[in-house]
Amino acid sequence: MSILEYNGAAMIAMAGKDCVGIAADRRLGIQAQTVSTDFTKVFKMNDTIHVGLGGLATDVQTLHNILKFRMGLYELREEREMTPQVFSHLLSTLLYEKRFGPYFVEPIVAGLDAKTNKPFLSSMDLIGAPVQTKDFVVSGTCTGNLYGMCETLYKPDLEPDALFETLAQALLASVDRDALSGWGGVVHIITKDGVTTRELKGRQD
Amino acid sequence: MDTVFGIQFKGGVVLAADQSNARSILVYQNNLDKVTKLSSHSAMGVSGPNADMVNFTEYIAKNLALYELANDGTKLSTKAQANFCRNELAVALRKGPYQVNLLLGGYDEKDDAGSLYFLDYLAALQKVPYGSQGYASNFCLSIMDKEYREGLTEADALLIIEHCIKEIATRFLINQPNFMIKIIDKDGVRVHSFGGDPADT
């Protein structure tokens with residue numbers, strides 16, 4: 001049993017037309033037992049950046065606190081908002097600093113470039129090896145399922161409403177075949193006009 | 001082996017824990033109080049080795065008292081206390097972990113409501129309407145899933161606690177004859193009942 005699978009998680013971030021979406025399940029488990037069905041794994045860092053932290057729950061929370069702190073520090077010093085690229089790189093560096101005693105989290109970053117409104121997606125492993133893509137990134141205990149669903153359902157340049165549907169269906173179908181993730185879902189769609197958050201009704205098992 | 005569980009009701013929280021202090025095949029005592037008062041309106045039900053239990057709860061309780069003294073009597077909300085505990089556990093995790101699983105319950109005057117927090121030894125924190133730690137979960141969680149409703153009264157919550165204790169007495173392998181039940185509401189932390197008096201030496 002891997003420590004990355006101790007609590008259970010599933011998340012996807014996907015790019016659309018001048019918008020980006022990020023979705024995650026809501027389960028907090030301790031191996032087979034479900035402790036809570038409203039655990040937050042996707043965090044809004046600022047108007048243009050959302051980060052999904054999948055993995056060991058304690059490190060999800062610790063990393064969220066550290067990222068909030070570092071973002072605050074950056075904004076105070078730079079007197080400007082962090083861009084998704086910078087955030088992703090910061091996260092990568094933070095994780096590699098713990099190379100030989102890592103945070104057991106495999107994050108995904110979803111952002112929107114403030115000026116061009118172009119989507120930004122990245123994901124990394126637990127020691128910060130980054131990957132940037134144009135279409136989608138996934139993380140969690142059922143990545144096989146998630147990759148399959150995303151590859152099948154994804155189309156480039158989806159409008160926000162269509163992007164929501166695609167994310168929701170891809171996530172729900174994937175977690176239904178994974179014991180450690182599911183128990184509800186949440187989807188955030190980020191556009192230049194703001195963030196729309198919707199809760200998903202899924203199988204409660 | 002410790003059994004700890006709790007339920008939120010309208011205007012407060014009930015915390016219950018067994019009172020056995022045992023190691024291997026020997027029972028040291030049957031009147032241990034595992035629900036420690038942290039501040040005027042909060043308490044923590046703790047499960048784990050006695051050393052870590054006592055050290056961690058005393059450390060947290062004294063630091064909370066220090067905060068009030070150093071900040072002109074400002075009380076920390078239950079959420080703040082829970083997050084303080086989480087941080088201490090998270091920092092200690094990669095140095096010398098406290099092997100304590102806890103349920104932190106408190107009452108906040110601002111919302112006139114109780115809140116219950118699940119915090120495991122790895123420092124994963126989650127606000128829950130009801131929860132349990134240890135083997136008790138196998139028996140109690142399903143009972144609480146079925147019987148919990150929003151806006152329970154204190155009496156309703158105590159009935160559910162009684163139901164859980166009965167189930168543990170019937171089906172749990174380890175004999176746990178005594179339970180300490182504490183209630184936290186607008187009047188503070190008070191003992192509702194216990195099987196063994198902790199004051200007995």
# chains A, B, ... in the order shown; residues from 1 in each chain; ligands from 1
>>> interface_residues(of="chain B", to="chain A", cutoff="9 Å", atoms="only C-alpha atoms", output="PyMOL selection string")
chain B and resi 86-87+90+94+118+120+122-128+131-132+137-138+141
>>> write_last_selection(atoms="N, CA, C and O atoms", output="CSV table (one decimal), in the first residue's frame")
chain,number,residue,atom,x,y,z
B,86,ARG,N,-3.4,21.0,14.6
B,86,ARG,CA,-3.0,20.4,13.3
B,86,ARG,C,-1.5,20.8,13.0
B,86,ARG,O,-0.7,19.9,12.6
B,87,ASN,N,-1.3,22.1,13.1
B,87,ASN,CA,0.1,22.5,12.8
B,87,ASN,C,1.1,21.9,13.7
B,87,ASN,O,2.2,21.5,13.2
B,90,ALA,N,1.6,18.4,12.5
B,90,ALA,CA,2.3,18.4,11.2
B,90,ALA,C,3.8,18.7,11.3
B,90,ALA,O,4.6,18.0,10.6
B,94,ARG,N,7.4,14.9,10.9
B,94,ARG,CA,8.7,14.5,10.3
B,94,ARG,C,9.9,14.7,11.2
B,94,ARG,O,11.0,14.6,10.8
B,118,PHE,N,-12.1,16.2,13.4
B,118,PHE,CA,-11.4,15.0,13.3
B,118,PHE,C,-10.0,15.3,13.0
B,118,PHE,O,-9.7,16.0,12.0
B,120,ASP,N,-6.3,13.2,12.7
B,120,ASP,CA,-5.6,12.0,12.9
B,120,ASP,C,-4.1,12.2,13.2
B,120,ASP,O,-3.6,13.4,13.1
B,122,LEU,N,-1.5,11.8,11.6
B,122,LEU,CA,-0.7,12.3,10.5
B,122,LEU,C,-1.0,13.8,10.2
B,122,LEU,O,-0.4,14.4,9.3
B,123,ALA,N,-1.9,14.3,11.1
B,123,ALA,CA,-2.3,15.8,11.0
B,123,ALA,C,-3.2,16.1,9.8
B,123,ALA,O,-3.1,17.1,9.2
B,124,ALA,N,-4.1,15.2,9.5
B,124,ALA,CA,-5.2,15.5,8.5
B,124,ALA,C,-6.4,16.0,9.3
B,124,ALA,O,-6.9,15.3,10.2
B,125,LEU,N,-6.8,17.2,9.0
B,125,LEU,CA,-7.9,17.8,9.8
B,125,LEU,C,-9.2,17.9,9.0
B,125,LEU,O,-9.1,18.3,7.8
B,126,GLN,N,-10.3,17.6,9.6
B,126,GLN,CA,-11.6,17.7,8.9
B,126,GLN,C,-12.7,18.0,9.9
B,126,GLN,O,-12.8,17.3,10.9
B,127,LYS,N,-13.5,19.1,9.6
B,127,LYS,CA,-14.6,19.3,10.4
B,127,LYS,C,-15.7,18.3,10.1
B,127,LYS,O,-16.0,18.1,8.9
B,128,VAL,N,-16.3,17.7,11.1
B,128,VAL,CA,-17.3,16.6,10.9
B,128,VAL,C,-18.5,16.8,11.8
B,128,VAL,O,-18.3,17.4,12.8
B,131,GLY,N,-18.0,11.8,14.6
B,131,GLY,CA,-16.8,11.1,14.2
B,131,GLY,C,-16.4,10.1,15.2
B,131,GLY,O,-16.9,10.1,16.4
B,132,SER,N,-15.4,9.3,14.9
B,132,SER,CA,-14.8,8.4,15.9
B,132,SER,C,-13.4,8.0,15.5
B,132,SER,O,-13.0,8.1,14.3
B,137,SER,N,-14.7,3.0,15.3
B,137,SER,CA,-15.3,3.4,14.0
B,137,SER,C,-16.0,2.3,13.4
B,137,SER,O,-17.1,2.5,12.8
B,138,ASN,N,-15.4,1.1,13.4
B,138,ASN,CA,-16.1,-0.1,12.8
B,138,ASN,C,-17.5,-0.3,13.3
B,138,ASN,O,-18.3,-0.8,12.6
B,141,LEU,N,-19.6,4.2,13.5
B,141,LEU,CA,-19.8,5.1,12.4
B,141,LEU,C,-21.1,4.8,11.7
B,141,LEU,O,-21.9,5.8,11.3
>>> residues_around(residues="B:Asp33", least_positions_apart="4", cutoff="10 Å", atoms="only C-alpha atoms", output="list of chain:residue names")
B:Ala16, B:Ala17, B:Asp18, B:Gln19, B:Ser20, B:Asn21, B:Gly45, B:Val46, B:Phe179, B:Met180, B:Ile181, B:Phe194, B:Gly196, B:Asp197, B:Pro198, B:Ala199
>>> select_by_dssp(residues="stretch 6-110 of chain B", states="helix (DSSP H, G or I)", output="PyMOL selection string")
chain B and resi 50-70+78-93
>>> closest_residue(among="A:Met71, A:Ile66, A:Leu121, A:Val138", to="A:Gln85", atoms="only C-alpha atoms")
A:Leu121
>>> atom_distance(atom1="atom CA of B:Val4", atom2="atom CA of B:Gly188")
19.9 Å
>>> closest_residue(among="B:Thr153, B:Ser193, B:Gln81, B:Asn71", to="B:Leu116", atoms="only C-alpha atoms")
B:Gln81
>>> residues_around(residues="stretch 173-184 of chain A", least_positions_apart="5", cutoff="8 Å", atoms="only C-alpha atoms", output="list of chain:residue names")
A:Glu5, A:Asn7, A:Gly8, A:Ala9, A:Ala10, A:Asp25, A:Arg26, A:Arg27, A:Gly29, A:Gln31, A:Ala32, A:Thr37, A:Asp38, A:Thr141, A:Cys142, A:Asn145, A:Leu146, A:Met149, A:Glu199, A:Leu200, A:Lys201, A:Gly202, A:Arg203, A:Gln204, A:Asp205
>>> residues_around(residues="B:Glu58", least_positions_apart="3", cutoff="12 Å", atoms="only C-alpha atoms", output="PDB file with all heavy atoms, in the first residue's frame")
ATOM      1  N   VAL B  35     -10.727  12.410  27.843  1.00  0.00           N
ATOM      2  CA  VAL B  35     -11.296  13.614  27.231  1.00  0.00           C
ATOM      3  C   VAL B  35     -10.771  14.786  28.035  1.00  0.00           C
ATOM      4  O   VAL B  35     -11.254  15.068  29.135  1.00  0.00           O
ATOM      5  CB  VAL B  35     -12.835  13.590  27.261  1.00  0.00           C
ATOM      6  CG1 VAL B  35     -13.392  14.800  26.527  1.00  0.00           C
ATOM      7  CG2 VAL B  35     -13.359  12.318  26.627  1.00  0.00           C
ATOM      8  N   THR B  36      -9.748  15.447  27.495  1.00  0.00           N
ATOM      9  CA  THR B  36      -9.119  16.528  28.265  1.00  0.00           C
ATOM     10  C   THR B  36      -9.689  17.877  27.878  1.00  0.00           C
ATOM     11  O   THR B  36      -9.850  18.171  26.705  1.00  0.00           O
ATOM     12  CB  THR B  36      -7.601  16.600  28.030  1.00  0.00           C
ATOM     13  OG1 THR B  36      -7.245  15.691  27.021  1.00  0.00           O
ATOM     14  CG2 THR B  36      -6.831  16.317  29.276  1.00  0.00           C
ATOM     15  N   LYS B  37      -9.935  18.701  28.908  1.00  0.00           N
ATOM     16  CA  LYS B  37     -10.415  20.061  28.682  1.00  0.00           C
ATOM     17  C   LYS B  37      -9.248  20.889  28.161  1.00  0.00           C
ATOM     18  O   LYS B  37      -8.138  20.857  28.700  1.00  0.00           O
ATOM     19  CB  LYS B  37     -10.913  20.620  30.018  1.00  0.00           C
ATOM     20  CG  LYS B  37     -11.399  22.045  29.928  1.00  0.00           C
ATOM     21  CD  LYS B  37     -12.008  22.468  31.255  1.00  0.00           C
ATOM     22  CE  LYS B  37     -11.935  23.983  31.355  1.00  0.00           C
ATOM     23  NZ  LYS B  37     -12.721  24.538  32.414  1.00  0.00           N
ATOM     24  N   LEU B  38      -9.472  21.622  27.064  1.00  0.00           N
ATOM     25  CA  LEU B  38      -8.405  22.444  26.503  1.00  0.00           C
ATOM     26  C   LEU B  38      -8.550  23.907  26.905  1.00  0.00           C
ATOM     27  O   LEU B  38      -7.593  24.570  27.252  1.00  0.00           O
ATOM     28  CB  LEU B  38      -8.433  22.380  24.972  1.00  0.00           C
ATOM     29  CG  LEU B  38      -7.958  21.104  24.311  1.00  0.00           C
ATOM     30  CD1 LEU B  38      -8.039  21.261  22.806  1.00  0.00           C
ATOM     31  CD2 LEU B  38      -6.531  20.783  24.697  1.00  0.00           C
ATOM     32  N   SER B  39      -9.782  24.402  26.805  1.00  0.00           N
ATOM     33  CA  SER B  39     -10.017  25.785  27.194  1.00  0.00           C
ATOM     34  C   SER B  39     -11.409  25.816  27.801  1.00  0.00           C
ATOM     35  O   SER B  39     -12.043  24.770  27.933  1.00  0.00           O
ATOM     36  CB  SER B  39      -9.946  26.712  25.990  1.00  0.00           C
ATOM     37  OG  SER B  39     -11.062  26.517  25.161  1.00  0.00           O
ATOM     38  N   ALA B  43     -12.707  20.790  24.303  1.00  0.00           N
ATOM     39  CA  ALA B  43     -12.060  19.603  24.870  1.00  0.00           C
ATOM     40  C   ALA B  43     -11.654  18.681  23.743  1.00  0.00           C
ATOM     41  O   ALA B  43     -12.126  18.802  22.613  1.00  0.00           O
ATOM     42  CB  ALA B  43     -13.000  18.879  25.836  1.00  0.00           C
ATOM     43  N   MET B  44     -10.755  17.761  24.079  1.00  0.00           N
ATOM     44  CA  MET B  44     -10.177  16.879  23.075  1.00  0.00           C
ATOM     45  C   MET B  44     -10.278  15.449  23.555  1.00  0.00           C
ATOM     46  O   MET B  44      -9.806  15.133  24.652  1.00  0.00           O
ATOM     47  CB  MET B  44      -8.697  17.279  22.962  1.00  0.00           C
ATOM     48  CG  MET B  44      -8.016  16.895  21.733  1.00  0.00           C
ATOM     49  SD  MET B  44      -6.677  18.029  21.307  1.00  0.00           S
ATOM     50  CE  MET B  44      -5.418  17.601  22.451  1.00  0.00           C
ATOM     51  N   VAL B  46      -8.840  11.862  23.116  1.00  0.00           N
ATOM     52  CA  VAL B  46      -7.556  11.430  22.554  1.00  0.00           C
ATOM     53  C   VAL B  46      -7.399   9.924  22.591  1.00  0.00           C
ATOM     54  O   VAL B  46      -7.800   9.266  23.542  1.00  0.00           O
ATOM     55  CB  VAL B  46      -6.383  12.053  23.333  1.00  0.00           C
ATOM     56  CG1 VAL B  46      -5.113  11.956  22.523  1.00  0.00           C
ATOM     57  CG2 VAL B  46      -6.661  13.496  23.661  1.00  0.00           C
ATOM     58  N   ALA B  51       1.801   8.199  26.913  1.00  0.00           N
ATOM     59  CA  ALA B  51       2.836   9.237  26.966  1.00  0.00           C
ATOM     60  C   ALA B  51       2.517  10.372  25.994  1.00  0.00           C
ATOM     61  O   ALA B  51       2.514  11.550  26.363  1.00  0.00           O
ATOM     62  CB  ALA B  51       4.197   8.635  26.628  1.00  0.00           C
ATOM     63  N   ASP B  52       2.254   9.998  24.737  1.00  0.00           N
ATOM     64  CA  ASP B  52       1.952  11.013  23.723  1.00  0.00           C
ATOM     65  C   ASP B  52       0.647  11.728  24.041  1.00  0.00           C
ATOM     66  O   ASP B  52       0.514  12.933  23.863  1.00  0.00           O
ATOM     67  CB  ASP B  52       1.847  10.371  22.330  1.00  0.00           C
ATOM     68  CG  ASP B  52       3.211   9.966  21.808  1.00  0.00           C
ATOM     69  OD1 ASP B  52       4.220  10.450  22.354  1.00  0.00           O
ATOM     70  OD2 ASP B  52       3.271   9.182  20.848  1.00  0.00           O
ATOM     71  N   MET B  53      -0.344  10.965  24.549  1.00  0.00           N
ATOM     72  CA  MET B  53      -1.647  11.537  24.907  1.00  0.00           C
ATOM     73  C   MET B  53      -1.460  12.666  25.880  1.00  0.00           C
ATOM     74  O   MET B  53      -1.919  13.794  25.674  1.00  0.00           O
ATOM     75  CB  MET B  53      -2.501  10.451  25.594  1.00  0.00           C
ATOM     76  CG  MET B  53      -3.643   9.968  24.784  1.00  0.00           C
ATOM     77  SD  MET B  53      -4.991   9.304  25.704  1.00  0.00           S
ATOM     78  CE  MET B  53      -4.347   8.004  26.663  1.00  0.00           C
ATOM     79  N   VAL B  54      -0.785  12.356  26.977  1.00  0.00           N
ATOM     80  CA  VAL B  54      -0.633  13.332  28.058  1.00  0.00           C
ATOM     81  C   VAL B  54       0.240  14.498  27.607  1.00  0.00           C
ATOM     82  O   VAL B  54      -0.118  15.665  27.785  1.00  0.00           O
ATOM     83  CB  VAL B  54      -0.034  12.656  29.316  1.00  0.00           C
ATOM     84  CG1 VAL B  54       0.300  13.690  30.372  1.00  0.00           C
ATOM     85  CG2 VAL B  54      -1.005  11.636  29.873  1.00  0.00           C
ATOM     86  N   ASN B  55       1.382  14.207  27.012  1.00  0.00           N
ATOM     87  CA  ASN B  55       2.300  15.260  26.583  1.00  0.00           C
ATOM     88  C   ASN B  55       1.661  16.210  25.587  1.00  0.00           C
ATOM     89  O   ASN B  55       1.775  17.425  25.713  1.00  0.00           O
ATOM     90  CB  ASN B  55       3.531  14.636  25.918  1.00  0.00           C
ATOM     91  CG  ASN B  55       4.678  14.578  26.884  1.00  0.00           C
ATOM     92  OD1 ASN B  55       5.069  15.586  27.448  1.00  0.00           O
ATOM     93  ND2 ASN B  55       5.197  13.389  27.110  1.00  0.00           N
ATOM     94  N   ALA B  61      -2.996  22.506  25.665  1.00  0.00           N
ATOM     95  CA  ALA B  61      -3.808  23.237  26.645  1.00  0.00           C
ATOM     96  C   ALA B  61      -3.038  24.425  27.219  1.00  0.00           C
ATOM     97  O   ALA B  61      -3.573  25.536  27.337  1.00  0.00           O
ATOM     98  CB  ALA B  61      -4.258  22.306  27.759  1.00  0.00           C
ATOM     99  N   LYS B  62      -1.778  24.198  27.557  1.00  0.00           N
ATOM    100  CA  LYS B  62      -0.985  25.292  28.157  1.00  0.00           C
ATOM    101  C   LYS B  62      -0.699  26.392  27.142  1.00  0.00           C
ATOM    102  O   LYS B  62      -0.674  27.580  27.478  1.00  0.00           O
ATOM    103  CB  LYS B  62       0.332  24.756  28.741  1.00  0.00           C
ATOM    104  CG  LYS B  62       0.181  23.733  29.844  1.00  0.00           C
ATOM    105  CD  LYS B  62      -0.843  24.109  30.882  1.00  0.00           C
ATOM    106  CE  LYS B  62      -1.165  22.949  31.794  1.00  0.00           C
ATOM    107  NZ  LYS B  62      -2.426  23.131  32.541  1.00  0.00           N
ATOM    108  N   ASN B  63      -0.467  26.015  25.879  1.00  0.00           N
ATOM    109  CA  ASN B  63      -0.235  27.031  24.852  1.00  0.00           C
ATOM    110  C   ASN B  63      -1.485  27.858  24.592  1.00  0.00           C
ATOM    111  O   ASN B  63      -1.407  29.063  24.333  1.00  0.00           O
ATOM    112  CB  ASN B  63       0.234  26.381  23.545  1.00  0.00           C
ATOM    113  CG  ASN B  63       1.736  26.351  23.456  1.00  0.00           C
ATOM    114  OD1 ASN B  63       2.370  27.385  23.271  1.00  0.00           O
ATOM    115  ND2 ASN B  63       2.316  25.187  23.636  1.00  0.00           N
ATOM    116  N   LEU B  64      -2.649  27.212  24.675  1.00  0.00           N
ATOM    117  CA  LEU B  64      -3.903  27.957  24.503  1.00  0.00           C
ATOM    118  C   LEU B  64      -4.099  28.940  25.652  1.00  0.00           C
ATOM    119  O   LEU B  64      -4.521  30.073  25.459  1.00  0.00           O
ATOM    120  CB  LEU B  64      -5.082  26.997  24.402  1.00  0.00           C
ATOM    121  CG  LEU B  64      -5.129  26.110  23.151  1.00  0.00           C
ATOM    122  CD1 LEU B  64      -6.326  25.175  23.207  1.00  0.00           C
ATOM    123  CD2 LEU B  64      -5.196  26.938  21.885  1.00  0.00           C
ATOM    124  N   ALA B  65      -3.756  28.495  26.867  1.00  0.00           N
ATOM    125  CA  ALA B  65      -3.856  29.384  28.031  1.00  0.00           C
ATOM    126  C   ALA B  65      -2.895  30.564  27.877  1.00  0.00           C
ATOM    127  O   ALA B  65      -3.250  31.715  28.169  1.00  0.00           O
ATOM    128  CB  ALA B  65      -3.534  28.604  29.299  1.00  0.00           C
ATOM    129  N   CYS B  85      -3.612  22.783  16.677  1.00  0.00           N
ATOM    130  CA  CYS B  85      -3.248  21.381  16.945  1.00  0.00           C
ATOM    131  C   CYS B  85      -2.699  20.727  15.690  1.00  0.00           C
ATOM    132  O   CYS B  85      -1.684  20.014  15.732  1.00  0.00           O
ATOM    133  CB  CYS B  85      -4.466  20.576  17.405  1.00  0.00           C
ATOM    134  SG  CYS B  85      -4.980  20.951  19.065  1.00  0.00           S
TER     135      CYS B  85
END
>>> closest_residue(among="A:Phe87, A:Ser139, A:Thr48, A:Met124", to="A:Cys19", atoms="only C-alpha atoms")
A:Thr48
>>> residues_around(residues="A:Val51", least_positions_apart="5", cutoff="10 Å", atoms="only C-alpha atoms", output="CSV table (one decimal) with all heavy atoms, in the first residue's frame")
chain,number,residue,atom,x,y,z
A,13,ALA,N,-7.7,18.6,-14.5
A,13,ALA,CA,-7.8,20.0,-14.9
A,13,ALA,C,-7.7,20.0,-16.4
A,13,ALA,O,-7.0,19.2,-17.0
A,13,ALA,CB,-6.6,20.8,-14.4
A,22,ILE,N,-11.2,22.9,-13.3
A,22,ILE,CA,-10.5,21.9,-12.5
A,22,ILE,C,-11.5,21.2,-11.6
A,22,ILE,O,-12.4,21.9,-11.1
A,22,ILE,CB,-9.4,22.6,-11.6
A,22,ILE,CG1,-8.6,21.6,-10.8
A,22,ILE,CG2,-9.9,23.7,-10.8
A,22,ILE,CD1,-7.3,22.0,-10.2
A,41,LYS,N,-9.8,19.5,-1.8
A,41,LYS,CA,-8.5,19.2,-2.4
A,41,LYS,C,-8.1,20.2,-3.4
A,41,LYS,O,-7.0,20.2,-3.9
A,41,LYS,CB,-8.5,17.8,-3.0
A,41,LYS,CG,-8.9,16.7,-2.1
A,41,LYS,CD,-9.1,15.4,-2.7
A,41,LYS,CE,-9.9,14.6,-1.8
A,41,LYS,NZ,-10.2,13.2,-2.3
A,42,VAL,N,-9.1,21.0,-3.9
A,42,VAL,CA,-8.8,22.1,-4.9
A,42,VAL,C,-8.9,23.4,-4.2
A,42,VAL,O,-9.9,23.7,-3.5
A,42,VAL,CB,-9.8,22.0,-6.1
A,42,VAL,CG1,-9.5,23.1,-7.0
A,42,VAL,CG2,-9.7,20.7,-6.8
A,43,PHE,N,-7.8,24.2,-4.3
A,43,PHE,CA,-7.8,25.5,-3.6
A,43,PHE,C,-7.6,26.6,-4.6
A,43,PHE,O,-6.8,26.6,-5.6
A,43,PHE,CB,-6.6,25.5,-2.7
A,43,PHE,CG,-6.7,24.3,-1.7
A,43,PHE,CD1,-6.0,23.2,-1.9
A,43,PHE,CD2,-7.4,24.4,-0.5
A,43,PHE,CE1,-6.0,22.1,-1.0
A,43,PHE,CE2,-7.5,23.4,0.4
A,43,PHE,CZ,-6.8,22.2,0.1
A,44,LYS,N,-8.4,27.7,-4.4
A,44,LYS,CA,-8.2,28.9,-5.2
A,44,LYS,C,-7.1,29.7,-4.6
A,44,LYS,O,-7.1,30.1,-3.4
A,44,LYS,CB,-9.5,29.7,-5.1
A,44,LYS,CG,-9.5,31.0,-5.8
A,44,LYS,CD,-10.8,31.8,-5.8
A,44,LYS,CE,-10.5,33.2,-6.3
A,44,LYS,NZ,-11.8,33.9,-6.5
A,45,MET,N,-6.1,30.0,-5.4
A,45,MET,CA,-4.9,30.7,-4.9
A,45,MET,C,-5.1,32.2,-5.1
A,45,MET,O,-4.7,33.0,-4.3
A,45,MET,CB,-3.6,30.2,-5.5
A,45,MET,CG,-3.4,28.7,-5.2
A,45,MET,SD,-3.6,28.2,-3.5
A,45,MET,CE,-2.4,29.2,-2.6
A,46,ASN,N,-5.6,32.5,-6.3
A,46,ASN,CA,-6.0,33.9,-6.6
A,46,ASN,C,-7.0,33.8,-7.8
A,46,ASN,O,-7.4,32.7,-8.2
A,46,ASN,CB,-4.8,34.8,-6.9
A,46,ASN,CG,-4.1,34.5,-8.2
A,46,ASN,OD1,-4.7,33.9,-9.1
A,46,ASN,ND2,-2.9,34.9,-8.3
A,64,HIS,N,-0.9,23.5,1.2
A,64,HIS,CA,-1.8,24.6,0.9
A,64,HIS,C,-1.5,25.8,1.8
A,64,HIS,O,-1.4,27.0,1.3
A,64,HIS,CB,-3.3,24.2,1.2
A,64,HIS,CG,-4.3,25.3,1.3
A,64,HIS,ND1,-4.4,26.2,0.2
A,64,HIS,CD2,-5.2,25.6,2.2
A,64,HIS,CE1,-5.4,27.0,0.6
A,64,HIS,NE2,-5.8,26.8,1.8
A,67,LEU,N,1.8,27.3,0.5
A,67,LEU,CA,1.5,28.1,-0.8
A,67,LEU,C,0.8,29.4,-0.5
A,67,LEU,O,1.2,30.4,-1.1
A,67,LEU,CB,0.7,27.2,-1.8
A,67,LEU,CG,1.5,26.1,-2.4
A,67,LEU,CD1,0.5,25.1,-3.1
A,67,LEU,CD2,2.6,26.5,-3.4
A,84,PRO,N,0.2,32.1,-13.3
A,84,PRO,CA,0.2,30.6,-13.2
A,84,PRO,C,1.5,30.0,-13.4
A,84,PRO,O,1.9,29.0,-12.7
A,84,PRO,CB,-0.8,30.2,-14.2
A,84,PRO,CG,-1.7,31.4,-14.4
A,84,PRO,CD,-0.8,32.6,-14.2
A,87,PHE,N,3.6,30.4,-10.3
A,87,PHE,CA,3.1,29.6,-9.2
A,87,PHE,C,3.5,28.2,-9.4
A,87,PHE,O,4.0,27.5,-8.5
A,87,PHE,CB,1.6,29.7,-9.2
A,87,PHE,CG,1.0,28.9,-8.1
A,87,PHE,CD1,0.9,29.3,-6.8
A,87,PHE,CD2,0.4,27.6,-8.4
A,87,PHE,CE1,0.3,28.6,-5.8
A,87,PHE,CE2,-0.1,26.9,-7.4
A,87,PHE,CZ,-0.2,27.3,-6.1
A,88,SER,N,3.4,27.7,-10.6
A,88,SER,CA,3.7,26.3,-10.9
A,88,SER,C,5.2,26.0,-10.6
A,88,SER,O,5.6,25.0,-10.0
A,88,SER,CB,3.4,26.0,-12.4
A,88,SER,OG,3.8,24.7,-12.7
A,91,LEU,N,5.9,25.9,-6.9
A,91,LEU,CA,5.4,24.6,-6.3
A,91,LEU,C,6.5,23.6,-6.6
A,91,LEU,O,6.8,22.8,-5.8
A,91,LEU,CB,4.1,24.3,-6.9
A,91,LEU,CG,3.3,23.0,-6.5
A,91,LEU,CD1,3.3,22.9,-5.0
A,91,LEU,CD2,1.9,23.0,-7.0
A,107,PRO,N,0.6,17.4,-7.3
A,107,PRO,CA,-0.4,18.5,-7.6
A,107,PRO,C,-0.6,18.7,-9.1
A,107,PRO,O,0.1,18.3,-10.0
A,107,PRO,CB,0.4,19.8,-7.0
A,107,PRO,CG,1.8,19.4,-7.0
A,107,PRO,CD,1.9,17.9,-7.0
A,108,ILE,N,-1.8,19.4,-9.4
A,108,ILE,CA,-2.1,19.9,-10.7
A,108,ILE,C,-2.4,21.4,-10.6
A,108,ILE,O,-3.1,21.8,-9.6
A,108,ILE,CB,-3.2,19.1,-11.4
A,108,ILE,CG1,-4.5,19.2,-10.6
A,108,ILE,CG2,-2.8,17.7,-11.7
A,108,ILE,CD1,-5.7,18.5,-11.3
A,109,VAL,N,-2.0,22.2,-11.5
A,109,VAL,CA,-2.2,23.6,-11.5
A,109,VAL,C,-3.0,24.0,-12.7
A,109,VAL,O,-2.7,23.6,-13.8
A,109,VAL,CB,-0.9,24.4,-11.5
A,109,VAL,CG1,-1.1,25.9,-11.5
A,109,VAL,CG2,0.0,24.0,-10.4
A,110,ALA,N,-4.1,24.8,-12.5
A,110,ALA,CA,-4.9,25.2,-13.6
A,110,ALA,C,-5.0,26.8,-13.4
A,110,ALA,O,-5.4,27.3,-12.4
A,110,ALA,CB,-6.3,24.7,-13.4
A,111,GLY,N,-4.6,27.4,-14.5
A,111,GLY,CA,-4.6,28.9,-14.5
A,111,GLY,C,-5.0,29.5,-15.8
A,111,GLY,O,-5.1,28.9,-16.8
A,121,LEU,N,-1.9,24.9,-17.9
A,121,LEU,CA,-2.1,23.6,-17.2
A,121,LEU,C,-0.8,23.0,-16.9
A,121,LEU,O,0.1,23.0,-17.7
A,121,LEU,CB,-2.9,22.6,-18.0
A,121,LEU,CG,-4.3,22.9,-18.3
A,121,LEU,CD1,-4.9,21.8,-19.2
A,121,LEU,CD2,-5.2,22.8,-17.0
A,122,SER,N,-0.6,22.6,-15.6
A,122,SER,CA,0.7,21.8,-15.4
A,122,SER,C,0.4,20.8,-14.3
A,122,SER,O,-0.5,21.0,-13.5
A,122,SER,CB,1.8,22.8,-15.0
A,122,SER,OG,1.7,23.1,-13.6
A,123,SER,N,1.2,19.8,-14.3
A,123,SER,CA,1.1,18.8,-13.2
A,123,SER,C,2.6,18.4,-12.8
A,123,SER,O,3.5,18.6,-13.6
A,123,SER,CB,0.3,17.6,-13.6
A,123,SER,OG,1.0,16.7,-14.3
>>> atom_distance(atom1="atom CA of B:Val189", atom2="atom CA of B:Phe84")
19.7 Å
>>> select_by_dssp(residues="stretch 28-177 of chain A", states="strand (DSSP E)", output="PyMOL selection string")
chain A and resi 28-30+33-36+42-46+49-55+105-112+119-124+130-133+136-140
